[in-house]
file coords.txt (compact mmCIF, C-alpha atoms)
# COMPACT_ATOMS: atom_id res chain seq x y z
CA MET N 1 36.41 -64.81 -23.26
CA TYR N 2 37.26 -61.66 -21.28
CA PHE N 3 40.21 -59.28 -21.65
CA ASP N 4 41.46 -56.44 -19.51
CA ASP N 5 40.44 -53.27 -21.38
CA ALA N 6 43.74 -51.51 -20.72
CA GLY N 7 46.39 -54.16 -21.26
CA GLN N 8 44.38 -56.67 -23.31
CA ALA N 9 45.65 -59.33 -20.88
CA LEU N 10 43.62 -62.51 -20.89
CA VAL N 11 41.44 -62.73 -17.77
CA SER N 12 39.41 -65.88 -18.39
CA THR N 13 38.58 -68.26 -21.20
CA GLY N 14 35.34 -69.48 -19.64
CA GLY N 15 33.11 -69.27 -16.62
CA SER N 16 34.62 -70.59 -13.39
CA VAL N 17 32.50 -72.40 -10.79
CA SER N 18 32.86 -73.32 -7.12
CA GLY N 19 29.99 -75.40 -5.82
CA LEU N 20 26.83 -73.45 -6.66
CA LEU N 21 28.62 -70.16 -7.33
CA ARG N 22 29.78 -68.87 -10.68
CA ASN N 23 32.80 -66.60 -11.01
CA PRO N 24 33.73 -67.35 -7.37
CA GLY N 25 37.05 -65.50 -7.49
CA TYR N 26 35.96 -62.55 -9.67
CA ASP N 27 38.34 -63.70 -12.42
CA ASP N 28 35.76 -64.12 -15.22
CA GLY N 29 35.36 -60.42 -15.94
CA VAL N 30 37.43 -57.27 -16.23
CA PRO N 31 38.81 -55.24 -13.30
CA GLY N 32 37.30 -51.89 -12.45
CA ASN N 33 34.72 -50.00 -10.43
CA ALA N 34 32.02 -52.46 -9.26
CA TYR N 35 29.24 -49.91 -9.74
CA ASP N 36 30.24 -49.21 -13.34
CA LEU N 37 30.87 -52.88 -14.14
CA ASP N 38 27.45 -53.83 -12.83
CA ALA N 39 25.76 -51.04 -14.81
CA SER N 40 27.45 -52.20 -18.03
CA SER N 41 26.80 -55.94 -17.45
CA GLN N 42 30.49 -56.68 -17.01
CA LEU N 43 30.20 -58.27 -13.58
CA PRO N 44 29.58 -61.96 -14.40
CA ALA N 45 27.18 -63.72 -11.99
CA TRP N 46 27.45 -61.04 -9.29
CA LYS N 47 25.31 -58.01 -8.46
CA TRP N 48 26.63 -54.85 -6.84
CA TYR N 49 24.40 -53.29 -4.16
CA GLY N 50 26.34 -50.22 -3.20
CA GLY N 51 27.67 -46.78 -4.00
CA THR N 52 29.52 -45.42 -6.99
CA ASN N 53 32.99 -45.58 -5.47
CA ALA N 54 32.90 -48.18 -2.69
CA GLY N 55 33.77 -51.46 -4.41
CA PHE N 56 36.21 -52.62 -7.07
CA ILE N 57 37.35 -55.74 -8.88
CA SER N 58 41.07 -55.41 -8.29
CA ARG N 59 44.34 -57.08 -9.24
CA GLU N 60 46.29 -55.49 -6.41
CA HIS N 61 45.73 -58.42 -4.04
CA CYS N 62 44.19 -61.85 -4.64
CA LYS N 63 44.37 -65.26 -3.01
CA ASP N 64 44.24 -67.28 -6.22
CA GLY N 65 43.75 -66.33 -9.82
CA GLU N 66 44.34 -62.72 -10.81
CA GLN N 67 41.52 -60.68 -9.30
CA ALA N 68 39.50 -60.17 -6.11
CA LEU N 69 36.72 -57.96 -4.78
CA VAL N 70 37.70 -55.05 -2.55
CA VAL N 71 35.09 -53.16 -0.51
CA THR N 72 36.07 -49.77 0.88
CA TRP N 73 33.10 -48.63 2.99
CA PRO N 74 30.28 -50.09 5.14
CA GLN N 75 26.78 -50.84 3.87
CA ASN N 76 28.06 -51.82 0.42
CA THR N 77 27.51 -55.38 -0.76
CA MET N 78 28.42 -57.73 -3.58
CA ALA N 79 25.84 -60.51 -3.94
CA GLN N 80 25.17 -63.66 -5.92
CA ASP N 81 21.96 -65.71 -6.00
CA TRP N 82 21.49 -69.44 -6.51
CA PRO N 83 18.39 -71.67 -6.72
CA ALA N 84 18.02 -73.35 -3.33
CA ALA N 85 16.06 -76.41 -2.25
CA GLY N 86 13.64 -75.96 0.66
CA GLY N 87 14.78 -77.45 3.97
CA VAL N 88 18.32 -78.11 2.72
CA THR N 89 21.42 -76.92 4.57
CA TYR N 90 24.07 -74.91 2.71
CA VAL N 91 27.63 -73.88 3.57
CA ALA N 92 29.04 -70.64 2.17
CA SER N 93 32.73 -69.87 2.54
CA GLY N 94 35.48 -67.58 1.34
CA TYR N 95 38.64 -65.71 2.25
CA LEU N 96 38.94 -62.14 3.56
CA PHE N 97 42.07 -60.00 3.60
CA THR N 98 43.28 -56.52 4.52
CA PRO N 99 46.63 -55.13 3.29
CA SER N 100 49.09 -53.45 5.63
CA ASP N 101 49.17 -50.27 3.53
CA LYS N 102 45.36 -49.92 3.73
CA LYS N 103 44.67 -51.90 6.88
CA PHE N 104 41.05 -52.06 7.94
CA ASN N 105 40.39 -50.10 11.13
CA SER N 106 37.29 -49.44 13.22
CA ASP N 107 36.17 -48.60 16.74
CA GLY N 108 34.64 -52.09 16.76
CA SER N 109 31.25 -51.23 15.32
CA SER N 110 32.25 -52.00 11.70
CA TYR N 111 33.45 -55.32 10.30
CA GLY N 112 33.53 -57.51 7.24
CA ARG N 113 31.49 -60.70 6.99
CA LEU N 114 29.76 -63.19 4.75
CA GLU N 115 25.98 -63.29 4.87
CA MET N 116 23.67 -66.08 3.68
CA VAL N 117 20.01 -65.17 3.21
CA PHE N 118 17.02 -66.84 1.56
CA TYR N 119 14.03 -65.51 -0.38
CA VAL N 120 10.73 -67.35 -0.74
CA GLY N 121 8.85 -67.22 -4.03
CA GLY N 122 9.11 -63.79 -5.57
CA ASP N 123 9.42 -61.92 -2.28
CA THR N 124 11.98 -59.13 -2.40
CA ASN N 125 12.57 -59.27 1.36
CA PRO N 126 14.61 -62.12 2.86
CA ALA N 127 12.87 -64.63 5.12
CA GLN N 128 13.66 -63.20 8.54
CA ASP N 129 14.22 -66.53 10.29
CA TYR N 130 16.72 -67.61 7.63
CA ILE N 131 19.45 -65.00 7.77
CA TYR N 132 22.89 -66.30 8.70
CA TYR N 133 26.21 -64.57 9.34
CA SER N 134 29.83 -65.69 9.39
CA ALA N 135 32.23 -64.67 12.13
CA ARG N 136 33.37 -61.05 11.90
CA PHE N 137 36.47 -59.76 10.14
CA THR N 138 37.32 -57.03 12.65
CA TRP N 139 40.06 -54.40 12.91
CA GLN N 140 41.93 -56.88 15.14
CA LYS N 141 42.58 -59.30 12.27
CA PRO N 142 46.21 -59.33 11.08
CA ALA N 143 47.14 -57.63 7.83
CA ASP N 144 48.51 -59.39 4.75
CA GLN N 145 46.92 -62.75 5.60
CA TRP N 146 44.02 -64.37 3.77
CA ILE N 147 41.67 -65.67 6.48
CA TYR N 148 39.02 -68.32 5.90
CA PHE N 149 35.40 -67.62 6.91
CA SER N 150 32.28 -69.74 6.55
CA VAL N 151 28.59 -69.65 7.40
CA THR N 152 26.07 -72.50 7.51
CA GLY N 153 22.32 -72.10 7.14
CA MET N 154 19.16 -73.95 6.22
CA ALA N 155 16.79 -72.82 3.47
CA PRO N 156 13.09 -72.34 4.33
CA PRO N 157 10.97 -75.46 3.67
CA GLU N 158 9.16 -73.91 0.72
CA ALA N 159 8.73 -74.94 -2.90
CA VAL N 160 10.49 -71.96 -4.51
CA VAL N 161 13.53 -70.63 -2.65
CA THR N 162 16.43 -68.45 -3.75
CA GLY N 163 19.65 -68.32 -1.75
CA ARG N 164 21.95 -65.31 -1.73
CA LEU N 165 25.55 -64.87 -0.61
CA ASN N 166 26.54 -61.35 0.40
CA CYS N 167 30.13 -60.09 0.70
CA THR N 168 29.96 -56.92 2.74
CA ILE N 169 31.39 -54.53 5.27
CA TYR N 170 28.66 -54.03 7.86
CA SER N 171 28.49 -51.33 10.51
CA ASP N 172 26.35 -50.96 13.61
CA ASP N 173 27.13 -47.23 13.56
CA PRO N 174 28.42 -46.13 10.13
CA GLY N 175 28.08 -42.43 10.90
CA GLY N 176 29.69 -42.63 14.31
CA ASP N 177 32.69 -44.88 13.63
CA MET N 178 35.37 -42.18 13.69
CA ASP N 179 38.17 -44.77 13.45
CA LEU N 180 36.87 -46.26 10.20
CA ALA N 181 39.59 -46.65 7.57
CA GLY N 182 41.12 -49.16 5.19
CA VAL N 183 39.65 -51.86 2.97
CA ILE N 184 38.67 -55.55 2.99
CA TYR N 185 39.20 -57.95 0.08
CA PHE N 186 37.05 -61.02 -0.69
CA ASP N 187 38.18 -63.97 -2.82
CA GLN N 188 37.61 -67.67 -3.53
CA LEU N 189 33.96 -67.75 -2.52
CA SER N 190 31.95 -70.98 -2.57
CA VAL N 191 28.51 -72.34 -1.73
CA ILE N 192 27.90 -76.06 -1.35
CA GLN N 193 24.94 -78.15 -0.32
CA GLN N 194 25.66 -80.03 2.88
CA GLY N 195 25.88 -83.75 2.19
CA GLY N 196 23.46 -86.38 3.45
CA MET N 197 20.16 -85.57 5.11
CA SER N 198 19.38 -81.99 6.01
CA ASP N 199 18.88 -81.07 9.67
CA TRP N 200 15.14 -80.96 9.00
CA GLU N 201 15.11 -84.45 7.49
CA GLN N 202 17.17 -85.83 10.38
CA TRP N 203 14.69 -84.29 12.81
CA GLN N 204 11.78 -85.86 10.91
CA MET N 205 13.44 -89.27 11.11
CA GLN N 206 14.17 -88.89 14.82
CA ASN N 207 10.62 -87.85 15.68
CA PHE N 208 8.43 -89.55 13.06
CA GLY N 209 10.63 -92.33 11.70
CA SER N 210 9.97 -91.02 8.19
CA THR N 211 10.40 -87.93 6.03
CA ASN N 212 7.15 -88.35 4.09
CA ALA N 213 4.60 -90.00 6.40
CA PRO N 214 1.16 -88.36 6.70
CA GLY N 215 1.13 -85.32 8.94
CA THR N 216 4.93 -84.94 9.06
CA GLY N 217 5.40 -82.09 6.58
CA PRO N 218 6.68 -78.65 7.62
CA VAL N 219 3.28 -76.94 7.38
CA GLU N 220 1.37 -79.78 9.08
CA ASP N 221 0.67 -80.23 12.80
CA TYR N 222 1.25 -83.88 13.71
CA ASP N 223 0.21 -83.69 17.37
CA GLY N 224 -2.59 -81.15 16.89
CA ASP N 225 -1.28 -78.70 19.50
CA GLY N 226 -1.66 -75.68 17.24
CA TYR N 227 2.05 -75.45 16.37
CA LEU N 228 3.29 -76.50 12.92
CA ASN N 229 5.95 -79.19 12.71
CA TRP N 230 8.43 -76.64 11.36
CA SER N 231 7.79 -74.35 14.35
CA GLU N 232 8.46 -77.25 16.70
CA PHE N 233 11.65 -78.05 14.81
CA ILE N 234 12.89 -74.49 15.27
CA ALA N 235 11.80 -74.37 18.93
CA GLY N 236 13.23 -77.80 19.74
CA THR N 237 9.95 -79.10 21.15
CA GLN N 238 8.45 -82.56 20.63
CA PRO N 239 6.07 -82.71 17.62
CA THR N 240 4.46 -85.95 18.83
CA ASN N 241 3.48 -84.56 22.25
CA GLU N 242 0.61 -82.09 22.28
CA GLY N 243 1.82 -80.77 25.64
CA SER N 244 5.26 -79.85 24.29
CA TYR N 245 5.46 -76.36 22.79
CA LEU N 246 7.15 -73.03 23.47
CA SER N 247 5.34 -71.21 26.28
CA ALA N 248 6.23 -68.59 28.89
CA SER N 249 5.14 -67.40 32.32
CA SER N 250 5.70 -64.18 34.23
CA GLU N 251 5.68 -63.00 37.83
CA GLN N 252 6.68 -59.90 39.78
CA GLN N 253 10.21 -60.03 41.14
CA GLN N 254 9.99 -60.31 44.91
CA SER N 255 12.92 -57.97 45.56
CA SER N 256 11.71 -55.22 43.23
CA LYS N 257 8.46 -53.44 42.53
CA THR N 258 9.56 -52.39 39.04
CA SER N 259 10.62 -55.71 37.51
CA LEU N 260 8.87 -58.71 35.99
CA VAL N 261 10.45 -62.16 35.73
CA ILE N 262 9.78 -63.94 32.43
CA LYS N 263 10.46 -67.70 32.27
CA TRP N 264 10.26 -70.25 29.47
CA ASP N 265 11.48 -73.78 28.75
CA SER N 266 14.54 -73.68 26.52
CA THR N 267 16.50 -76.02 24.25
CA SER N 268 20.22 -76.17 23.48
CA GLY N 269 21.37 -74.48 20.29
CA ARG N 270 18.60 -71.88 20.29
CA TYR N 271 18.55 -68.10 20.62
CA TYR N 272 15.60 -66.23 22.08
CA ALA N 273 14.12 -62.76 21.94
CA VAL N 274 11.68 -61.10 24.33
CA LEU N 275 9.02 -58.78 22.89
CA ARG N 276 6.69 -56.58 24.93
CA SER N 277 3.56 -54.52 24.39
CA SER N 278 1.28 -52.44 26.60
CA THR N 279 -1.42 -52.01 23.94
CA GLY N 280 -2.37 -55.57 23.02
CA PRO N 281 -1.06 -59.06 22.25
CA GLY N 282 -1.01 -58.73 18.45
CA PRO N 283 2.40 -59.17 16.76
CA GLY N 284 2.16 -55.69 15.26
CA ASN N 285 2.00 -54.13 18.72
CA MET N 286 5.14 -55.80 20.02
CA SER N 287 8.57 -54.18 20.43
CA MET N 288 11.72 -56.21 20.98
CA VAL N 289 13.32 -55.55 24.37
CA ALA N 290 16.05 -58.21 24.19
CA SER N 291 17.46 -60.54 21.54
CA ASN N 292 20.17 -63.17 21.01
CA ILE N 293 19.50 -64.64 24.46
CA VAL N 294 21.44 -67.90 24.53
CA ALA N 295 19.53 -70.98 25.71
CA THR N 296 20.23 -72.14 29.27
CA PRO N 297 18.33 -75.45 29.36
CA PRO N 298 16.05 -76.52 30.84
CA GLU N 299 14.81 -72.97 31.50
CA ASN N 300 15.63 -69.40 30.59
CA VAL N 301 14.88 -66.47 32.88
CA TYR N 302 14.72 -62.83 31.79
CA ILE N 303 14.11 -59.93 34.19
CA ASP N 304 12.37 -56.97 32.57
CA ASP N 305 12.53 -53.62 34.36
CA VAL N 306 9.26 -51.94 33.42
CA GLY N 307 9.64 -48.92 35.72
CA ASN N 308 7.16 -47.50 38.22
CA ALA N 309 4.24 -47.04 35.81
CA TRP N 310 2.52 -50.38 36.40
CA GLN N 311 0.02 -51.48 33.77
CA VAL N 312 -0.90 -54.58 31.82
CA TYR N 313 1.98 -55.89 29.70
CA TYR N 314 1.86 -58.52 26.99
CA TYR N 315 4.93 -60.62 26.20
CA ARG N 316 5.97 -62.79 23.31
CA ILE N 317 8.99 -65.10 23.12
CA GLN N 318 10.61 -65.69 19.73
CA VAL N 319 13.09 -68.45 19.01
CA ARG N 320 15.65 -69.02 16.25
CA THR N 321 18.44 -71.48 15.56
CA ASN N 322 20.70 -68.57 14.53
CA GLN N 323 21.27 -65.11 15.95
CA TRP N 324 19.28 -62.00 14.99

call {"tool": "encode", "arguments": {"input": "coords.txt", "output": "structure tokens"}}
result
Amino acid sequence: MYFDDAGQALVSTGGSVSGLLRNPGYDDGVPGNAYDLDASSQLPAWKWYGGTNAGFISREHCKDGEQALVVTWPQNTMAQDWPAAGGVTYVASGYLFTPSDKKFNSDGSSYGRLEMVFYVGGDTNPAQDYIYYSARFTWQKPADQWIYFSVTGMAPPEAVVTGRLNCTIYSDDPGGDMDLAGVIYFDQLSVIQQGGMSDWEQWQMQNFGSTNAPGTGPVEDYDGDGYLNWSEFIAGTQPTNEGSYLSASSEQQQSSKTSLVIKWDSTSGRYYAVLRSSTGPGPGNMSMVASNIVATPPENVYIDDVGNAWQVYYYRIQVRTNQW
């Protein structure tokens, strides 16, 4: 049972739950500075990753209940973890709000959003191919209206996976956003497991006719082409055809002596990145030159201007089902 320290008003008589989240509306604890509440273990179920004066549990505005989270500055995050099942799809959702008297403003480089990330085993870094973002709460959103946001993502097909929901203001240029002002509230968060078969299981059924037949697991290679089934799932290639895998070709652009044309077969619903190196083909040598390239089936074409200093270049194409 929690009480407000100042007024001794009853806040909650028990832990609230929404899907897989506990304390989804921030009503199970006391109001106050998020940094101080976290340090004194008075922030039930949530963890504050931010500064000393950039987040608060507030009663000034809330969608339901009596309290909500308010974040006042970019690169500050409130997070909650849940035990996830490998290969399963999850939907995280919540409501964001900005008041007219403290309306969020930006030059466009800063915005609020929900983030869903996954951690494998005891790794402290999120799995890079499993980071998902909601739409952006930008300065253009109207004031004094609670707006619904959601994000859908699939957990890595591993035995031990932890999911995390982040409520944050993110900025592409926190030091250069001279228009930055105002606050964003978060309330009524939820995480649910998507019903029925996961996307991975549906893909297994479509391609193998089974989810547990020999050679059909995520770290197996059914057709023996050197690409794991999970890689073919992400790339959208055929796991039963050894000639179907993500590959690329390059040629000099006929109209230019400084450009190379990179081509690869593409699949709907995918995003691609082009990486380049002049020192060797190893992944550690590569630098990303373009990302979030939307698929244009059956083929994508990217023109890379390498300048006048001709030399040997190595390219790598990366693919994801969500944006970088």

call {"tool": "closest_residue", "arguments": {"input": "coords.txt", "among": "N:Tyr271, N:Tyr90, N:Tyr314, N:Phe137", "to": "Val117 of chain N", "atoms": "only C-alpha atoms"}}
result
N:Tyr90

call {"tool": "atom_distance", "arguments": {"input": "coords.txt", "atom1": "atom CA of Gln67 of chain N", "atom2": "atom CA of Thr168 of chain N"}}
result
17.1 Å

call {"tool": "residues_around", "arguments": {"input": "coords.txt", "residues": "His61 of chain N", "least_positions_apart": "4", "cutoff": "9 Å", "atoms": "only C-alpha atoms", "output": "PyMOL selection string"}}
result
chain N and resi 66-68+70+97+99+185

call {"tool": "atom_distance", "arguments": {"input": "coords.txt", "atom1": "atom CA of Glu60 of chain N", "atom2": "atom CA of Asn105 of chain N"}}
result
19.3 Å

call {"tool": "closest_residue", "arguments": {"input": "coords.txt", "among": "N:Glu299, N:Asp144, N:Glu232, N:Asp28", "to": "Ser100 of chain N", "atoms": "only C-alpha atoms"}}
result
N:Asp144

call {"tool": "atom_distance", "arguments": {"input": "coords.txt", "atom1": "atom CA of Tyr132 of chain N", "atom2": "atom CA of Pro44 of chain N"}}
result
24.4 Å

call {"tool": "closest_residue", "arguments": {"input": "coords.txt", "among": "N:Ile192, N:Ala273, N:Met288, N:Ile317", "to": "Ala248 of chain N", "atoms": "all atoms listed in the file"}}
result
N:Ile317

call {"tool": "residues_around", "arguments": {"input": "coords.txt", "residues": "Ile303 of chain N", "least_positions_apart": "3", "cutoff": "7 Å", "atoms": "only C-alpha atoms", "output": "short mmCIF file (atom, residue, chain, number, x, y, z; two decimals) with C-alpha atoms, in the frame of the given file"}}
result
data_model
loop_
_atom_site.label_atom_id
_atom_site.label_comp_id
_atom_site.auth_asym_id
_atom_site.auth_seq_id
_atom_site.Cartn_x
_atom_site.Cartn_y
_atom_site.Cartn_z
CA SER N 259 10.62 -55.71 37.51
CA LEU N 260 8.87 -58.71 35.99
CA VAL N 261 10.45 -62.16 35.73
CA ILE N 262 9.78 -63.94 32.43
#

call {"tool": "closest_residue", "arguments": {"input": "coords.txt", "among": "N:Val319, N:Trp73, N:Asp187, N:Cys167", "to": "Trp48 of chain N", "atoms": "only C-alpha atoms"}}
result
N:Cys167

call {"tool": "residues_around", "arguments": {"input": "coords.txt", "residues": "Gly51 of chain N", "least_positions_apart": "6", "cutoff": "12 Å", "atoms": "all atoms listed in the file", "output": "list of chain:residue names"}}
result
N:Asn33, N:Ala34, N:Tyr35, N:Asp36, N:Asp38, N:Ala39, N:Val71, N:Thr72, N:Trp73, N:Pro74, N:Gln75, N:Asn76, N:Thr77, N:Met78

call {"tool": "residues_around", "arguments": {"input": "coords.txt", "residues": "Thr267 of chain N", "least_positions_apart": "3", "cutoff": "9 Å", "atoms": "all atoms listed in the file", "output": "VMD selection string"}}
result
chain N and resid 235 to 237 270 to 271 295 to 299

call {"tool": "residues_near_point", "arguments": {"input": "coords.txt", "point": "(18.2, -71.8, 7.6)", "cutoff": "6 Å", "atoms": "all atoms listed in the file", "output": "PDB file with C-alpha atoms, in the coordinates of the input"}}
result
ATOM      1  CA  TYR N 130      16.720 -67.610   7.630  1.00  0.00           C
ATOM      2  CA  GLY N 153      22.320 -72.100   7.140  1.00  0.00           C
ATOM      3  CA  MET N 154      19.160 -73.950   6.220  1.00  0.00           C
ATOM      4  CA  ALA N 155      16.790 -72.820   3.470  1.00  0.00           C
TER       5      ALA N 155
END

call {"tool": "closest_residue", "arguments": {"input": "coords.txt", "among": "N:Thr138, N:Gln80, N:Ser109, N:Asn53", "to": "Leu96 of chain N", "atoms": "all atoms listed in the file"}}
result
N:Thr138

call {"tool": "closest_residue", "arguments": {"input": "coords.txt", "among": "N:Gly121, N:Ser190, N:Cys62, N:Ser150", "to": "Asn23 of chain N", "atoms": "only C-alpha atoms"}}
result
N:Ser190
